Structures are given as structure tokens and as C-alpha cells.
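The block underneath contains the structure these notes are about, expressed in C-alpha cells.
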Amino acid sequence: MTKTQKKYVNLAIKIAVVGLATWFIVSKINNQDNLREFQSLMDRLDPWTVRLTLLLVMVMMLANWALEMVKWKYLSRRIEKISWWTTIRSVFCGLTWAIFTPNRIGEYGGRVMLLEPKNRASGAVAMGVGLFAQLVLTSVFGAVAIAWFVSTYLPTPDAVKYAIWLLAFIYALAFVILYFNVHWVDAIVGRFRFLSKVKPFFAVLEDFSLRELLHVLLLSLGRFIIFTSQYVVLMLVILPELPLLPMIFMIFILFFVQSAVPSLDIFDFSVRSFVASNLYGYITTQEIAVMAIVSCIWFVNLILPAIIGSFFVLNVNYLGGNKS
């Protein structure tokens with residue numbers, strides 16, 4: 001491919017990515033009745049309370065993605081040393097790609113495109129460690145919350161309750177063990193001959209020490225706490241009558257279901273709303289309020305960052321080398 005052809009193909013990719021992201025965002029917002037209901041609900045609250053609450057939620061969103069930037073810079077340091085500006089750009093580019101790809105798979109491509117072409121495959125593997133750390137927390141807290149939910153709200157015999165708690169413990173423990181032995185993935189890949197060409201890229205997993213994996217897990221825990229706190233803050237303002245412990249456990253279940261159901265970020269709202277309204281139906285009749293809270297978090301945490309990322313996407317060279 002000539003330089004001129006690369007230039008035009010590169011431009012076409014940029015326009016397509018930004019165009020798709022913009023179209024999905026605009027069409028989803030325009031067709032979202034629950035967002036209008038959320039506005040109606042907010043009108044009945046004190047305006048300053050609403051403004052301060054939304055400001056706090058947005059500040060937490062920035063803190064959430066700031067922690068992800070710290071984690072990404074830490075994970076990629078052995079592969080390629082990147083500046084903080086490159087780290088910011090890569091994370092937001094990944095978010096733009098993620099919103100219209102199943103289970104956020106586009107986040108890998110969007111983020112590693114700012115690495116040198118020869119480092120992109122290894123960078124995706126290192127990024128996978130960070131995402132797996134997040135999944136471990138979602139799985140552990142989600143398993144415990146589901147066991148609690150079944151024991152509390154569903155009529156089940158004691159023997160079944162004990163069995164569910166045992167399964168939850170085994171399930172959570174399995175994720176923790178696998179995470180702290182992530183180098184097993186490299187060994188497993190090496191056992192398959194047809195994966196021999198990609199085996200070198202997984203060698204980066206051998207470099208992660210127990211201390212480094214714990215550091216990544218703690219950064220992920222910080223994100224998990226912030227994300228949970230966003231829901232708690234909005235619910236305390238809009239639905240102050242909700243009991244705190246059930247509120248938090250149901251948030252954990254919501255996260256768990258989100259991670260388990262394949263969907264597009266841009267369409268993930270419908271899954272979240274459906275799950276949240278059914279879960280919280282056990283402790284409140286204000287289903288519209290619950291769906292409004294979910295829509296607010298969805299918009300602040302995914303759509304706003306994706307809009308920001310669309311500007312960075314225009315400055316990425318998608319055909320930057322022969323191995324890209």
C-alpha cells in the first residue's frame with residue numbers, strides 16, 4: 001500500500017469510527033424515554049441538590065478513569081514507556097471504540113493503537129491483565145451478593161442456601177487463584193501448536209510478580225469502589241428510603257450481570273435498566289427512578305468519555321507500520 005493510499009484509508013477509518021460513535025450516541029439519546037423521565041424526576045428535587053449530586057458523579061467519573069490511566073501506564077511500562085498524555089489519549093480512544101463493539105472488545109484495539117506497531121499485541125495482553133483484575137472483583141462481589149440475594153429474598157431450603165454460599169465461595173476463590181497465577185495462560189497457549197505464532201506475545205504474563213498483580217488489583221478495587229459510590233450517591237438523593245446494605249449488594253449483582261451478558265456499551269443501557277428494575281423491585285416500587293439512575297450512570301461513565309475519545313481518535317495513525 002502506497003503512502004497516499006494509507007493516508008486515505010487512515011482517514012476513512014477515523015471518519016468511520018467517529019461517525020459510528022456519534023450516530024449510536026445521538027440515536028440512543030433521542031430514543032431514550034427514560035432520560036426524559038429522569039429529567040421530570042429531577043425537576044421535583046431541589047435544583048442545587050441535583051446540580052451538586054451530578055457534579056459529584058462526574059468528578060467520580062473522572063477519578064474512575066484517572067485510576068484506569070494509572071493502571072494502564074503501570075501495565076504497559078515493561079512493553080513501552082508512554083507519556084501521561086499518550087496514556088490519556090489511549091484510554092479515551094479505547095472508550096470510543098468500546099461503545100459499538102461487543103463486550104467492549106474494541107477497547108483493546110483503540111487503546112493499543114497508540115503503542116508502537118511491534119508492541120501492540122503484547123500491549124493487548126498486558127491490558128487484558130488489567131481488565132481481568134476488574135472482572136475478578138466483579139465476580140467475587142457479585143457471587144457473594146447473589147448468594148445473599150437468594151438467601152434473603154427467595155424461598156429456598158436451608159440446605160440449598162448453604163450450597164449456594166459454598167458455590168459462591170468456590171467460584172470467587174477460583175477467580176482469585178487464576179488471577180494470581182495469570183502466567184498459566186502463557187503455558188496453556190504454548191500447548192497448542194496452532195497458537196505458536198501468538199505465543200511470544202503472551203510471554204509478558206511471565207513478568208508479572210505477585211506484588212505487581214496485587215498493585216493492579218488494588219487500583220481496580222479503587223475503580224470498583226468509585227463506580228459503586230456513583231450509584232449509592234444518586235440513590236441516596238433520589239431514593240433515600242432504600243436500605244443501604246441491600247442497595248449496595250444489588251449494585252454488585254448489576255455489575256455481575258453486565259459482565260456476563262454480551263452486549264454493546266451503547267445498547268447496554270437496556271440490559272442494565274431491565275436488571276436493575278427487577279432487582280430493586282424487591283425493595284422499592286419506584287422502578288422509573290431506578291432506571292433513571294441507571295441511565296444517568298450509563299451516560300456519565302460511558303457516553304461522555306466516548307465523546308471525548310472521539311476527538312483523540314482523529315489523531316491516531318491506524319496504519320502506522322507494516323505490522324500494525
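Labels for the C-alpha cells follow display order: chains A, B, ..., residues from 1 in each chain, ligands from 1.
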
Quick one: contact table of stretch 95-204 of chain A to stretch 81-85 of chain A, 12 Å max, nearest atom pair and distance in Å to one decimal per residue, counting only C-alpha atoms, chain and number order, as JSON lines?
{"residue": "A:Val112", "atom": "CA", "partner": "A:Ile82", "partner_atom": "CA", "distance": 11.2}
{"residue": "A:Leu114", "atom": "CA", "partner": "A:Ile82", "partner_atom": "CA", "distance": 9.0}
{"residue": "A:Leu115", "atom": "CA", "partner": "A:Ile82", "partner_atom": "CA", "distance": 8.0}
{"residue": "A:Glu116", "atom": "CA", "partner": "A:Ile82", "partner_atom": "CA", "distance": 10.0}
{"residue": "A:Asn119", "atom": "CA", "partner": "A:Lys81", "partner_atom": "CA", "distance": 10.8}
{"residue": "A:Gly123", "atom": "CA", "partner": "A:Lys81", "partner_atom": "CA", "distance": 11.2}

Within 12 Å of stretch 244-246 of chain A, counting only C-alpha atoms, which residues show up once you throw out same-chain ones fewer than 6 positions away? Write them as a PyMOL selection string, please. chain A and resi 145-146+148-149+152-153+229+231-233+235-236+252-253+279-284

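Among the candidate residues A:Asn278, A:Ser209, A:Ser76, A:Ser273, the one lying nearest to A:Ala292 is A:Ser273, with distances computed using only C-alpha atoms.
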
Surrounding residues of A:Gln230 excluding itself and chain neighbours under 4 positions, 9 Å, only C-alpha atoms, as a VMD selection string: chain A and resid 56 to 58 60 to 61 225 to 226 234 to 235 297

Interatomic distance between atom CA of A:Arg120 and atom CA of A:Val185?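 Result for atom CA of A:Arg120 versus atom CA of A:Val185: 18.4 Å, one decimal.
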
By how many Å are atom CA of A:Tyr179 and atom CA of A:Ile248 apart?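 Pair atom CA of A:Tyr179 / atom CA of A:Ile248 returns 24.7 Å.
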
Minimum-distance residue to A:Leu302, chosen among A:Thr96, A:Thr4, A:Gln258, A:Ser90 (using only C-alpha atoms): A:Thr96

What separates atom CA of A:Ile293 and atom CA of A:Ile307 is a distance of 20.4 Å

List every residue of stretch 73-277 of chain A that DSSP, applied to the backbone, labels as alpha helix (DSSP H), and write the result as a PyMOL selection string. chain A and resi 73-76+84-98+106-112+120-153+158-179+183-190+210-238+244-260+268-277

Do you know which residues are at most 12 Å from A:Leu62 counting only C-alpha atoms, after dropping those on the same chain fewer than 3 positions away, and could you put them as a list in words? Leu55, Leu56, Val57, Met58, Val59, Trp65, Ala66, Leu67, Glu68, Met69, Ile88, Phe92, Arg223, Ile226, Phe227, Gln230, Val300, Asn301, Leu302, Leu304, Pro305 and Ile308 of chain A
